[in-house]
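Pasted below: upload.cif, mmCIF, C-alpha atoms.
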```cif
data_final
loop_
_atom_site.label_atom_id
_atom_site.label_comp_id
_atom_site.auth_asym_id
_atom_site.auth_seq_id
_atom_site.Cartn_x
_atom_site.Cartn_y
_atom_site.Cartn_z
CA MET A 17 37.46 -22.57 41.27
CA GLN A 18 39.01 -23.34 37.89
CA HIS A 19 36.88 -20.58 36.28
CA HIS A 20 38.20 -17.98 38.75
CA ILE A 21 41.80 -19.10 38.13
CA ILE A 22 41.38 -18.80 34.36
CA LYS A 23 39.74 -15.36 34.74
CA SER A 24 42.55 -14.18 37.02
CA LEU A 25 45.18 -15.42 34.57
CA ALA A 26 43.42 -13.58 31.74
CA VAL A 27 43.38 -10.34 33.74
CA LEU A 28 47.07 -10.75 34.59
CA ALA A 29 47.89 -11.45 30.95
CA LEU A 30 46.03 -8.32 29.84
CA GLY A 31 47.77 -6.27 32.50
CA ALA A 32 51.16 -7.62 31.45
CA MET A 33 50.42 -6.77 27.83
CA LEU A 34 49.46 -3.20 28.70
CA LEU A 35 52.51 -2.79 30.91
CA ALA A 36 54.69 -4.11 28.12
CA ASN A 37 53.36 -1.45 25.76
CA PRO A 38 51.79 1.33 27.88
CA VAL A 39 52.16 3.93 25.12
CA LYS A 40 50.18 1.89 22.60
CA ALA A 41 47.49 1.13 25.19
CA GLN A 42 47.09 4.82 25.99
CA GLU A 43 47.08 5.75 22.31
CA ASN A 44 44.05 3.52 21.78
CA ASN A 45 41.94 5.27 24.41
CA TYR A 46 39.03 7.31 23.05
CA THR A 47 37.06 10.28 24.38
CA ILE A 48 33.59 11.26 23.16
CA THR A 49 32.14 14.48 24.55
CA MET A 50 28.50 15.45 24.05
CA GLU A 51 27.76 19.11 24.60
CA ASN A 52 24.76 21.44 24.39
CA LEU A 53 22.39 18.62 25.30
CA PRO A 54 18.63 19.34 25.45
CA ILE A 55 17.77 21.96 28.02
CA GLU A 56 15.27 19.61 29.71
CA MET A 57 18.01 17.07 30.53
CA GLU A 58 18.70 17.52 34.21
CA ASP A 59 22.00 16.73 35.92
CA GLY A 60 22.18 12.99 36.58
CA ALA A 61 20.22 11.98 33.47
CA GLN A 62 21.77 8.90 31.84
CA VAL A 63 23.14 8.60 28.31
CA TRP A 64 24.26 5.32 26.71
CA LEU A 65 26.95 4.37 24.20
CA MET A 66 26.26 1.23 22.15
CA ASN A 67 28.28 -0.81 19.69
CA TRP A 68 25.81 -0.58 16.81
CA GLN A 69 27.34 -3.45 14.83
CA LEU A 70 27.00 -5.86 17.77
CA GLN A 71 23.84 -4.27 19.24
CA LYS A 72 25.66 -4.21 22.58
CA GLY A 73 25.70 -1.60 25.32
CA LEU A 74 29.19 -0.38 26.23
CA ASP A 75 28.95 2.47 28.70
CA THR A 76 26.55 4.70 30.63
CA VAL A 77 27.41 8.21 31.80
CA GLU A 78 25.53 10.95 33.59
CA VAL A 79 24.75 14.42 32.31
CA ASN A 80 26.34 17.34 34.12
CA ASP A 81 25.67 20.93 33.05
CA TRP A 82 24.20 19.74 29.71
CA GLN A 83 27.34 17.77 28.86
CA CYS A 84 28.58 14.22 29.20
CA THR A 85 31.76 12.37 28.27
CA PHE A 86 32.46 8.75 27.35
CA ARG A 87 35.97 7.38 27.86
CA GLY A 88 37.09 3.94 26.81
CA HIS A 89 39.58 1.79 24.96
CA THR A 90 39.37 0.08 21.57
CA ASP A 91 41.95 -1.50 19.29
CA THR A 92 39.67 -1.39 16.24
CA ALA A 93 37.18 1.12 14.86
CA PHE A 94 33.47 0.41 15.31
CA MET A 95 30.19 2.21 14.70
CA GLY A 96 28.68 3.45 17.94
CA TRP A 97 25.29 4.89 18.79
CA ILE A 98 24.70 7.47 21.50
CA THR A 99 21.20 7.48 22.93
CA ASP A 100 18.98 8.21 25.91
CA LEU A 101 15.33 7.40 26.54
CA TYR A 102 13.90 10.42 24.74
CA ASN A 103 15.89 12.89 22.65
CA ILE A 104 19.35 11.63 21.73
CA HIS A 105 19.86 9.18 18.85
CA LEU A 106 23.16 9.95 17.15
CA PRO A 107 25.79 7.79 15.43
CA VAL A 108 29.51 8.05 16.13
CA VAL A 109 32.47 6.22 14.61
CA VAL A 110 34.65 5.14 17.55
CA GLU A 111 38.33 4.94 16.56
CA PRO A 112 41.43 4.10 18.60
CA GLY A 113 42.95 7.20 20.15
CA MET A 114 40.32 9.66 18.96
CA GLU A 115 38.96 12.69 20.80
CA VAL A 116 35.70 13.95 19.34
CA THR A 117 33.11 16.51 20.44
CA ILE A 118 29.53 16.23 19.21
CA ASP A 119 27.33 19.29 19.53
CA PHE A 120 23.76 18.13 20.00
CA THR A 121 22.15 21.47 19.18
CA ASP A 122 24.06 22.11 15.96
CA VAL A 123 24.38 18.38 15.13
CA THR A 124 28.07 18.75 14.27
CA ALA A 125 31.23 16.85 15.16
CA SER A 126 34.75 18.23 15.65
CA GLY A 127 38.18 16.92 16.57
CA ASN A 128 38.10 13.72 14.50
CA ARG A 129 38.08 13.64 10.69
CA THR A 130 35.93 10.52 10.27
CA ASN A 131 33.15 11.92 12.43
CA GLU A 132 33.43 15.37 10.90
CA GLN A 133 32.79 13.66 7.54
CA LEU A 134 29.94 11.59 9.01
CA TYR A 135 28.21 14.71 10.35
CA ARG A 136 28.37 16.40 6.95
CA PHE A 137 25.49 13.97 6.32
CA VAL A 138 23.99 13.38 9.78
CA GLY A 139 23.66 17.09 10.62
CA PRO A 140 21.55 18.07 7.58
CA GLU A 141 19.60 14.81 7.83
CA LYS A 142 18.52 15.46 11.42
CA ARG A 143 17.74 19.13 10.86
CA LEU A 144 15.65 18.50 7.74
CA GLU A 145 13.75 15.63 9.34
CA GLN A 146 12.92 17.88 12.29
CA GLN A 147 11.59 20.53 9.91
CA LEU A 148 9.44 17.93 8.14
CA TYR A 149 8.03 16.89 11.51
CA GLU A 150 7.16 20.51 12.29
CA TYR A 151 5.35 20.89 8.95
CA ALA A 152 3.63 17.49 9.17
CA ASP A 153 0.17 19.00 9.75
CA ASN A 154 0.45 20.88 6.47
CA ASP A 155 2.29 18.47 4.20
CA ASP A 156 0.88 20.06 1.03
CA SER A 157 2.45 23.44 1.83
CA ILE A 158 5.19 25.04 -0.23
CA ALA A 159 7.44 25.06 2.83
CA TYR A 160 6.99 21.31 3.39
CA ARG A 161 7.72 20.53 -0.27
CA ALA A 162 10.83 22.71 -0.18
CA VAL A 163 12.20 20.81 2.84
CA TRP A 164 11.25 17.49 1.23
CA ASP A 165 13.11 18.42 -1.95
CA GLU A 166 16.18 19.44 0.05
CA LEU A 167 16.09 16.15 1.96
CA SER A 168 15.84 14.25 -1.33
CA ARG A 169 18.89 16.10 -2.67
CA LEU A 170 20.77 15.18 0.50
CA PHE A 171 20.05 11.47 -0.03
CA TYR A 172 20.33 11.31 -3.82
CA GLU A 173 23.19 13.74 -4.47
CA THR A 174 25.06 15.16 -1.46
CA SER A 175 25.26 11.84 0.38
CA LEU A 176 26.98 10.15 -2.54
CA GLN A 177 29.51 12.99 -2.80
CA ILE A 178 30.32 12.52 0.90
CA TYR A 179 30.48 8.76 0.43
CA ALA A 180 33.03 9.19 -2.37
CA ASP A 181 35.36 10.81 0.20
CA ASN A 182 34.71 8.03 2.76
CA SER A 183 34.24 4.85 0.73
CA ASP A 184 36.83 3.00 2.83
CA ASN A 185 35.59 3.79 6.35
CA LEU A 186 32.60 3.40 8.65
CA ALA A 187 31.33 6.92 8.01
CA GLY A 188 30.84 5.92 4.39
CA ALA A 189 29.29 2.59 5.40
CA HIS A 190 26.74 4.36 7.61
CA ILE A 191 25.85 6.88 4.91
CA LEU A 192 25.40 4.20 2.26
CA GLY A 193 23.24 2.17 4.66
CA GLU A 194 21.05 5.20 5.37
CA CYS A 195 20.58 5.78 1.63
CA TYR A 196 19.43 2.18 1.20
CA GLY A 197 17.19 2.57 4.24
CA ARG A 198 15.42 5.55 2.70
CA LEU A 199 14.50 3.49 -0.36
CA LEU A 200 13.11 0.77 1.91
CA GLU A 201 11.31 3.11 4.29
CA PHE A 202 9.15 4.78 1.70
CA GLY A 203 8.43 1.55 -0.17
CA ARG A 204 8.03 3.20 -3.57
CA TYR A 205 9.31 0.14 -5.37
CA TYR A 206 8.69 1.17 -8.91
CA SER A 207 9.45 4.84 -9.59
CA ASP A 208 12.17 5.48 -12.15
CA THR A 209 14.01 7.80 -9.74
CA LEU A 210 14.24 5.18 -7.00
CA MET A 211 15.20 2.41 -9.40
CA GLU A 212 18.02 4.60 -10.69
CA GLN A 213 19.13 5.30 -7.13
CA ARG A 214 18.97 1.61 -6.24
CA ASN A 215 21.20 0.74 -9.21
CA ARG A 216 23.66 3.44 -8.19
CA LEU A 217 23.80 2.21 -4.59
CA ASP A 218 24.25 -1.39 -5.69
CA SER A 219 27.24 -0.38 -7.84
CA LEU A 220 28.84 1.44 -4.91
CA TYR A 221 28.16 -1.46 -2.54
CA ASN A 222 29.67 -4.02 -4.91
CA ALA A 223 32.80 -1.88 -5.34
CA ALA A 224 33.24 -1.22 -1.60
CA PRO A 225 35.95 -2.97 0.47
CA PRO A 226 34.90 -5.79 2.83
CA SER A 227 35.24 -3.50 5.86
CA VAL A 228 32.38 -1.42 4.43
CA ARG A 229 30.24 -4.22 2.95
CA ASN A 230 30.40 -6.17 6.22
CA TYR A 231 28.89 -3.32 8.24
CA ARG A 232 25.74 -5.11 9.34
CA PRO A 233 23.08 -2.36 8.96
CA LEU A 234 24.39 -1.69 5.44
CA SER A 235 24.57 -5.34 4.37
CA GLU A 236 21.06 -6.02 5.73
CA ASN A 237 19.57 -3.05 3.87
CA HIS A 238 21.39 -4.14 0.72
CA GLN A 239 19.81 -7.59 1.00
CA LEU A 240 16.36 -6.03 1.47
CA SER A 241 16.94 -3.92 -1.64
CA LEU A 242 17.79 -7.05 -3.63
CA ALA A 243 14.59 -8.65 -2.34
CA GLN A 244 12.59 -5.66 -3.58
CA ARG A 245 13.81 -6.37 -7.08
CA SER A 246 12.21 -9.82 -6.92
CA MET A 247 8.85 -8.12 -6.24
CA GLY A 248 9.33 -5.47 -8.92
CA LYS A 249 6.60 -4.49 -11.34
CA GLY A 250 6.24 -7.15 -14.01
CA GLN A 251 7.86 -9.90 -11.90
CA HIS A 252 5.98 -13.01 -10.81
CA PHE A 253 5.03 -12.67 -7.14
CA VAL A 254 7.16 -14.47 -4.56
CA ASP A 255 5.17 -17.24 -2.89
CA PHE A 256 5.43 -17.95 0.84
CA GLU A 257 3.97 -20.16 3.55
CA ALA A 258 2.34 -18.80 6.71
CA LEU A 259 -0.36 -19.53 9.27
CA ASP A 260 -3.94 -19.30 7.96
CA TYR A 261 -6.09 -17.81 10.72
CA ALA A 262 -9.24 -19.46 9.35
CA THR A 263 -7.90 -23.00 9.75
CA GLY A 264 -5.06 -22.62 12.23
CA LYS A 265 -2.84 -24.47 9.77
CA SER A 266 -0.07 -23.41 7.42
CA THR A 267 -1.01 -22.47 3.89
CA ARG A 268 0.60 -20.80 0.89
CA LEU A 269 -0.25 -17.41 -0.54
CA SER A 270 -0.50 -18.97 -4.01
CA LYS A 271 -3.36 -21.16 -2.81
CA LEU A 272 -5.37 -18.17 -1.58
CA ILE A 273 -4.95 -15.93 -4.63
CA LYS A 274 -4.71 -18.38 -7.54
CA GLY A 275 -6.43 -17.06 -10.65
CA HIS A 276 -7.64 -13.85 -9.00
CA VAL A 277 -6.76 -10.18 -8.97
CA ALA A 278 -5.34 -9.92 -5.46
CA VAL A 279 -4.27 -7.30 -2.96
CA VAL A 280 -1.76 -8.61 -0.40
CA ASP A 281 -1.76 -6.27 2.59
CA PHE A 282 1.10 -6.42 5.11
CA TRP A 283 0.05 -4.68 8.32
CA ALA A 284 0.31 -4.75 12.13
CA SER A 285 -2.18 -4.12 14.92
CA TRP A 286 -0.08 -1.24 16.33
CA CYS A 287 0.18 0.54 12.95
CA TYR A 288 -2.38 3.37 12.69
CA PRO A 289 -1.83 4.01 8.94
CA CYS A 290 -2.37 0.27 8.37
CA ARG A 291 -5.69 0.27 10.18
CA GLN A 292 -6.72 3.47 8.40
CA GLU A 293 -5.92 1.90 5.02
CA ILE A 294 -8.00 -1.15 5.88
CA THR A 295 -11.00 0.85 7.11
CA GLU A 296 -11.07 3.48 4.36
CA TYR A 297 -10.04 1.43 1.34
CA LEU A 298 -9.61 -2.33 1.71
CA LYS A 299 -12.91 -3.24 3.34
CA PRO A 300 -14.95 -1.09 0.90
CA LEU A 301 -12.98 -2.54 -2.04
CA TYR A 302 -13.65 -6.09 -0.91
CA LYS A 303 -17.33 -5.43 -0.35
CA LYS A 304 -17.68 -3.90 -3.81
CA TYR A 305 -15.57 -6.24 -5.91
CA ALA A 306 -15.31 -9.62 -4.16
CA ASP A 307 -18.01 -11.07 -6.43
CA GLN A 308 -16.08 -9.81 -9.47
CA GLY A 309 -12.98 -11.83 -8.63
CA LEU A 310 -11.05 -9.59 -6.22
CA VAL A 311 -9.23 -11.36 -3.39
CA ILE A 312 -7.65 -9.52 -0.48
CA VAL A 313 -5.22 -11.33 1.81
CA GLY A 314 -4.07 -9.66 5.00
CA VAL A 315 -0.66 -10.66 6.32
CA GLY A 316 0.42 -9.83 9.86
CA ALA A 317 4.03 -8.61 10.11
CA PHE A 318 6.18 -7.11 12.89
CA ASP A 319 3.49 -8.04 15.41
CA TYR A 320 2.80 -10.38 18.32
CA PRO A 321 0.29 -13.15 17.39
CA GLU A 322 -2.07 -12.40 20.29
CA ASN A 323 -2.12 -8.66 19.50
CA HIS A 324 -2.72 -9.33 15.84
CA LEU A 325 -5.56 -11.73 16.55
CA ALA A 326 -7.21 -9.10 18.76
CA GLY A 327 -6.82 -6.57 15.94
CA LEU A 328 -8.44 -8.95 13.47
CA TYR A 329 -11.50 -9.42 15.66
CA ALA A 330 -11.76 -5.73 16.52
CA MET A 331 -11.72 -4.71 12.85
CA ASN A 332 -14.00 -7.55 11.76
CA LEU A 333 -12.02 -8.33 8.62
CA PRO A 334 -14.05 -10.31 6.07
CA TYR A 335 -11.20 -11.66 3.91
CA PRO A 336 -8.48 -14.33 4.42
CA HIS A 337 -5.65 -13.62 6.79
CA MET A 338 -2.17 -15.01 7.35
CA LEU A 339 0.45 -14.45 10.05
CA ASP A 340 4.19 -14.40 9.46
CA THR A 341 5.48 -16.72 12.17
CA ALA A 342 9.03 -16.96 10.75
CA TYR A 343 10.48 -14.04 12.70
CA ASN A 344 9.54 -11.51 10.01
CA GLY A 345 11.00 -13.74 7.34
CA ILE A 346 8.37 -12.62 4.82
CA ALA A 347 9.31 -8.97 5.28
CA LYS A 348 12.89 -9.89 4.41
CA LEU A 349 11.67 -12.01 1.50
CA TYR A 350 9.70 -9.09 0.05
CA GLY A 351 12.25 -6.44 1.00
CA PHE A 352 10.38 -3.99 3.21
CA SER A 353 11.00 -2.52 6.65
CA SER A 354 7.96 -0.27 7.11
CA LEU A 355 4.18 -0.71 7.11
CA PRO A 356 1.71 -0.78 5.51
CA GLN A 357 2.80 -2.46 2.27
CA LEU A 358 0.09 -3.34 -0.28
CA PHE A 359 0.98 -5.38 -3.36
CA LEU A 360 -1.42 -5.67 -6.27
CA ILE A 361 -1.10 -8.97 -8.15
CA ASP A 362 -2.79 -9.87 -11.45
CA ARG A 363 -4.64 -13.08 -12.23
CA ASP A 364 -1.56 -14.70 -13.76
CA GLY A 365 0.59 -13.86 -10.72
CA THR A 366 2.28 -10.78 -12.19
CA VAL A 367 3.08 -7.99 -9.73
CA LEU A 368 1.28 -4.83 -10.88
CA GLY A 369 2.61 -2.51 -8.21
CA ASN A 370 2.75 -1.39 -4.61
CA PHE A 371 -0.09 1.11 -4.07
CA ARG A 372 -2.12 2.80 -1.35
CA GLY A 373 -5.26 4.87 -1.02
CA GLU A 374 -7.11 6.15 -4.08
CA ARG A 375 -4.30 4.98 -6.35
CA LEU A 376 -4.86 1.42 -5.14
CA VAL A 377 -8.60 1.67 -5.84
CA HIS A 378 -7.90 2.94 -9.36
CA GLU A 379 -5.35 0.20 -10.12
CA VAL A 380 -7.62 -2.55 -8.76
CA GLU A 381 -10.48 -1.39 -10.99
CA LYS A 382 -8.15 -1.37 -14.02
CA ALA A 383 -6.91 -4.87 -13.24
CA LEU A 384 -10.42 -6.27 -12.83
CA LYS A 385 -11.30 -4.84 -16.29
CA GLY A 386 -8.15 -6.41 -17.75
CA GLU A 387 -6.67 -3.02 -18.67
#
```

Would you mind writing the file out in structure tokens?
Amino acid sequence: MQHHIIKSLAVLALGAMLLANPVKAQENNYTITMENLPIEMEDGAQVWLMNWQLQKGLDTVEVNDWQCTFRGHTDTAFMGWITDLYNIHLPVVVEPGMEVTIDFTDVTASGNRTNEQLYRFVGPEKRLEQQLYEYADNDDSIAYRAVWDELSRLFYETSLQIYADNSDNLAGAHILGECYGRLLEFGRYYSDTLMEQRNRLDSLYNAAPPSVRNYRPLSENHQLSLAQRSMGKGQHFVDFEALDYATGKSTRLSKLIKGHVAVVDFWASWCYPCRQEITEYLKPLYKKYADQGLVIVGVGAFDYPENHLAGLYAMNLPYPHMLDTAYNGIAKLYGFSSLPQLFLIDRDGTVLGNFRGERLVHEVEKALKGE
């Protein structure tokens, strides 16, 4: 009874506040219209608006004639995300009193300056990623490389020009977070180009106002980037504790690799490139060089324990294996958000690099020879 009374009083208080200042309340209403939605979206299909910062659903609307409209009220700006089950995954900065139209086909925004600025980045990003997907079966082609180079310019040059115009708002925060995310996604820890970009992003992040730095996706990616530095080439590897599948007890990585050239392979049972890397490179490497001092340690990440155990048995892995049971704490410790990740560590614990495929084989052979 008391709960209902309190709730009723709160509703009355809110109503009184809005009545006291109806103009301000109306000014803070927002309208987000999506138009030119995918042709396969039938009338009645549902589209969601989320508060991306809070990871919270806010509203659901239905598609009508390839359009839909969200209407709501907010007193403060927040980063939203518009999505459905299949095709739509687009950011939107929701501001008090704004009216914005987002064209799904052209990937453009109009009617609100902040979102128009945001889509100077989002539009080219989505279009170029779609082109890369279309060329994926021929990723050595001139066309693929041209799109890849244009996407790189977007992230390394154009994005920072747009950020300079939006360094005090959520459009800028999203763009800076996406730039950090690209560094993490591709996991090329040690190239000069990416190190230069990481330094540039860190400088921008440190100079940003709290409203930008506190945007959660950006601050999390920044922390992952800092963690990558601790596993940089020439650094001593970061030790960690995890479950040893052989004993069922916790152990430390340092205990398994001490005094050896070691490959530490982070993978998951659902990750096809991970399994391919293991089959084509890691198992043959271990078979060939285990008696010459090579140790390989597999580490399960972003996976359910039971699924990972099934994957271990199915692939018949002959080397030690650990499982990250700390809610992906090791991934945060090492600063990666994609798989596979393969770190090569020298006998004295020095990180030699993050390699895959034939490059990994070459670097392992060099390390075993002491080169």

Residue contacts of stretch 131-134 of chain A (9 Å, all atoms listed in the file) excluding same-chain residues fewer than 2 positions away, as a PDB file with C-alpha atoms, in the frame of the given file:
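Writing the result to result-v1.pdb gives the following:
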```
ATOM      1  CA  PRO A 107      25.790   7.790  15.430  1.00  0.00           C
ATOM      2  CA  VAL A 108      29.510   8.050  16.130  1.00  0.00           C
ATOM      3  CA  VAL A 109      32.470   6.220  14.610  1.00  0.00           C
ATOM      4  CA  VAL A 110      34.650   5.140  17.550  1.00  0.00           C
ATOM      5  CA  VAL A 116      35.700  13.950  19.340  1.00  0.00           C
ATOM      6  CA  ILE A 118      29.530  16.230  19.210  1.00  0.00           C
ATOM      7  CA  THR A 124      28.070  18.750  14.270  1.00  0.00           C
ATOM      8  CA  ALA A 125      31.230  16.850  15.160  1.00  0.00           C
ATOM      9  CA  SER A 126      34.750  18.230  15.650  1.00  0.00           C
ATOM     10  CA  GLY A 127      38.180  16.920  16.570  1.00  0.00           C
ATOM     11  CA  ASN A 128      38.100  13.720  14.500  1.00  0.00           C
ATOM     12  CA  ARG A 129      38.080  13.640  10.690  1.00  0.00           C
ATOM     13  CA  ARG A 136      28.370  16.400   6.950  1.00  0.00           C
ATOM     14  CA  PHE A 137      25.490  13.970   6.320  1.00  0.00           C
ATOM     15  CA  VAL A 138      23.990  13.380   9.780  1.00  0.00           C
ATOM     16  CA  GLY A 139      23.660  17.090  10.620  1.00  0.00           C
ATOM     17  CA  ILE A 178      30.320  12.520   0.900  1.00  0.00           C
ATOM     18  CA  TYR A 179      30.480   8.760   0.430  1.00  0.00           C
ATOM     19  CA  ASP A 181      35.360  10.810   0.200  1.00  0.00           C
ATOM     20  CA  ASN A 182      34.710   8.030   2.760  1.00  0.00           C
ATOM     21  CA  LEU A 186      32.600   3.400   8.650  1.00  0.00           C
ATOM     22  CA  ALA A 187      31.330   6.920   8.010  1.00  0.00           C
ATOM     23  CA  GLY A 188      30.840   5.920   4.390  1.00  0.00           C
ATOM     24  CA  HIS A 190      26.740   4.360   7.610  1.00  0.00           C
ATOM     25  CA  ILE A 191      25.850   6.880   4.910  1.00  0.00           C
TER      26      ILE A 191
END
```

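Selection check: the PyMOL selection byres ((chain A and resi 61) around 10) on the shown file gives Glu56, Met57, Glu58, Asp59, Gly60, Gln62, Val63, Val77, Glu78, Val79, Asn80, Trp82, Cys84, Asp100 and Leu101 of chain A.
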
Checklist entry - Do you know which residues are at most 9 Å from A:Asp319 counting all atoms listed in the file, after dropping those on the same chain fewer than 4 positions away, and could you put them as a ChimeraX atom specification? => result /A:283-286,323-324,339-340,344

Checklist entry - When you draw a straight line from atom CA of A:Phe352 to atom CA of A:Lys142, how long is it in Å? => result 22.6 Å

Item to check | Residue nearest A:Glu166 among A:Asp91, A:Glu212, A:Glu141, A:Glu293 (counting all atoms listed in the file) | outcome: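 Checking each candidate against A:Glu166, we get A:Glu141 as the closest.
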
Item to check | Residues returned when the PyMOL selection byres ((chain A and resi 53) around 6) runs on this file, as a ChimeraX atom specification | outcome: /A:51-52,54,82,120

Checklist entry - Using all atoms listed in the file, which of the listed residues (A:Arg291, A:His378, A:Arg363, A:His276) sits closest to A:Ala330? => result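 Among A:Arg291, A:His378, A:Arg363, A:His276, it is A:Arg291 that comes nearest to A:Ala330.
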
Checklist entry - Do you know which residues are at most 12 Å from A:Ala306 counting only C-alpha atoms, after dropping those on the same chain fewer than 3 positions away, and could you put them as JSON, numbers by chain? => result {"A": [276, 277, 278, 279, 298, 299, 300, 301, 302, 303, 309, 310, 311, 312, 313, 334, 335, 336, 380, 381, 384]}

Env of A:Glu150: 12 Å cut, atoms = all atoms listed in the file, seq-sep filter 5 positions within chain, self excluded. Answer as a PDB file with C-alpha atoms, in the coordinates of the input.
```pdb
ATOM      1  CA  ARG A 143      17.740  19.130  10.860  1.00  0.00           C
ATOM      2  CA  LEU A 144      15.650  18.500   7.740  1.00  0.00           C
ATOM      3  CA  GLU A 145      13.750  15.630   9.340  1.00  0.00           C
ATOM      4  CA  ASP A 155       2.290  18.470   4.200  1.00  0.00           C
ATOM      5  CA  SER A 157       2.450  23.440   1.830  1.00  0.00           C
ATOM      6  CA  ALA A 159       7.440  25.060   2.830  1.00  0.00           C
ATOM      7  CA  TYR A 160       6.990  21.310   3.390  1.00  0.00           C
ATOM      8  CA  VAL A 163      12.200  20.810   2.840  1.00  0.00           C
TER       9      VAL A 163
END
```

Checklist entry - Neighbours of A:Leu360 within 7 Å (all atoms listed in the file; same-chain residues fewer than 4 positions away dropped), as a PyMOL selection string? => result chain A and resi 278-280+367-370

Run the PyMOL selection byres ((chain A and resi 260) around 10) against the file shown and list the residues it catches, as a PDB file with C-alpha atoms, in the frame of the given file.
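Contents of expr-v2.pdb, freshly written:
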```pdb
ATOM      1  CA  GLU A 257       3.970 -20.160   3.550  1.00  0.00           C
ATOM      2  CA  ALA A 258       2.340 -18.800   6.710  1.00  0.00           C
ATOM      3  CA  LEU A 259      -0.360 -19.530   9.270  1.00  0.00           C
ATOM      4  CA  TYR A 261      -6.090 -17.810  10.720  1.00  0.00           C
ATOM      5  CA  ALA A 262      -9.240 -19.460   9.350  1.00  0.00           C
ATOM      6  CA  THR A 263      -7.900 -23.000   9.750  1.00  0.00           C
ATOM      7  CA  GLY A 264      -5.060 -22.620  12.230  1.00  0.00           C
ATOM      8  CA  LYS A 265      -2.840 -24.470   9.770  1.00  0.00           C
ATOM      9  CA  SER A 266      -0.070 -23.410   7.420  1.00  0.00           C
ATOM     10  CA  THR A 267      -1.010 -22.470   3.890  1.00  0.00           C
ATOM     11  CA  ARG A 268       0.600 -20.800   0.890  1.00  0.00           C
ATOM     12  CA  LEU A 269      -0.250 -17.410  -0.540  1.00  0.00           C
ATOM     13  CA  LEU A 272      -5.370 -18.170  -1.580  1.00  0.00           C
ATOM     14  CA  VAL A 315      -0.660 -10.660   6.320  1.00  0.00           C
ATOM     15  CA  PRO A 336      -8.480 -14.330   4.420  1.00  0.00           C
ATOM     16  CA  HIS A 337      -5.650 -13.620   6.790  1.00  0.00           C
ATOM     17  CA  MET A 338      -2.170 -15.010   7.350  1.00  0.00           C
ATOM     18  CA  LEU A 339       0.450 -14.450  10.050  1.00  0.00           C
ATOM     19  CA  ASP A 340       4.190 -14.400   9.460  1.00  0.00           C
TER      20      ASP A 340
END
```

Calculate, to one decimal in Å, the centre and edge lengths of the box along x, y and z of the file that holds all listed atoms of stretch 135-139 of chain A with 6 Å of margin on each side, and present them as lines of an AutoDock Vina configuration file.
```
center_x = 26.0
center_y = 15.2
center_z = 8.5
size_x = 16.7
size_y = 15.7
size_z = 16.3
```

Checklist entry - Hey, can you check how far atom CA of A:His89 sits from atom CA of A:Gly113? => result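 So the answer is 8.0 Å.
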
Next on the checklist: Within 10 Å of (21.1, 11.2, -6.5) (file coordinates; only C-alpha atoms), which protein or nucleic acid residues are there? I'd like them as number ranges by chain.
Outcome noted: A: 168-177, 195, 209-210, 212-214, 216-217

Next on the checklist: Between atom CA of A:Arg87 and atom CA of A:Tyr46, what is the distance in Å, rounded to a tenth?
Outcome noted: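 We find that atom CA of A:Arg87 and atom CA of A:Tyr46 lie 5.7 Å from each other.
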
Checklist entry - Pick from A:Tyr297, A:Phe253, A:Tyr149, A:Phe318: nearest to A:Ser354, with only C-alpha atoms counted? => result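 Of A:Tyr297, A:Phe253, A:Tyr149, A:Phe318, the one nearest A:Ser354, counting only C-alpha atoms, is A:Phe318.
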
Checklist entry - Taking into account only C-alpha atoms, which residue in the set A:Thr76, A:Thr92, A:Ser227, A:Gln69 is nearest to A:Asn45? => result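 Distance minimum relative to A:Asn45 lands on A:Thr92.
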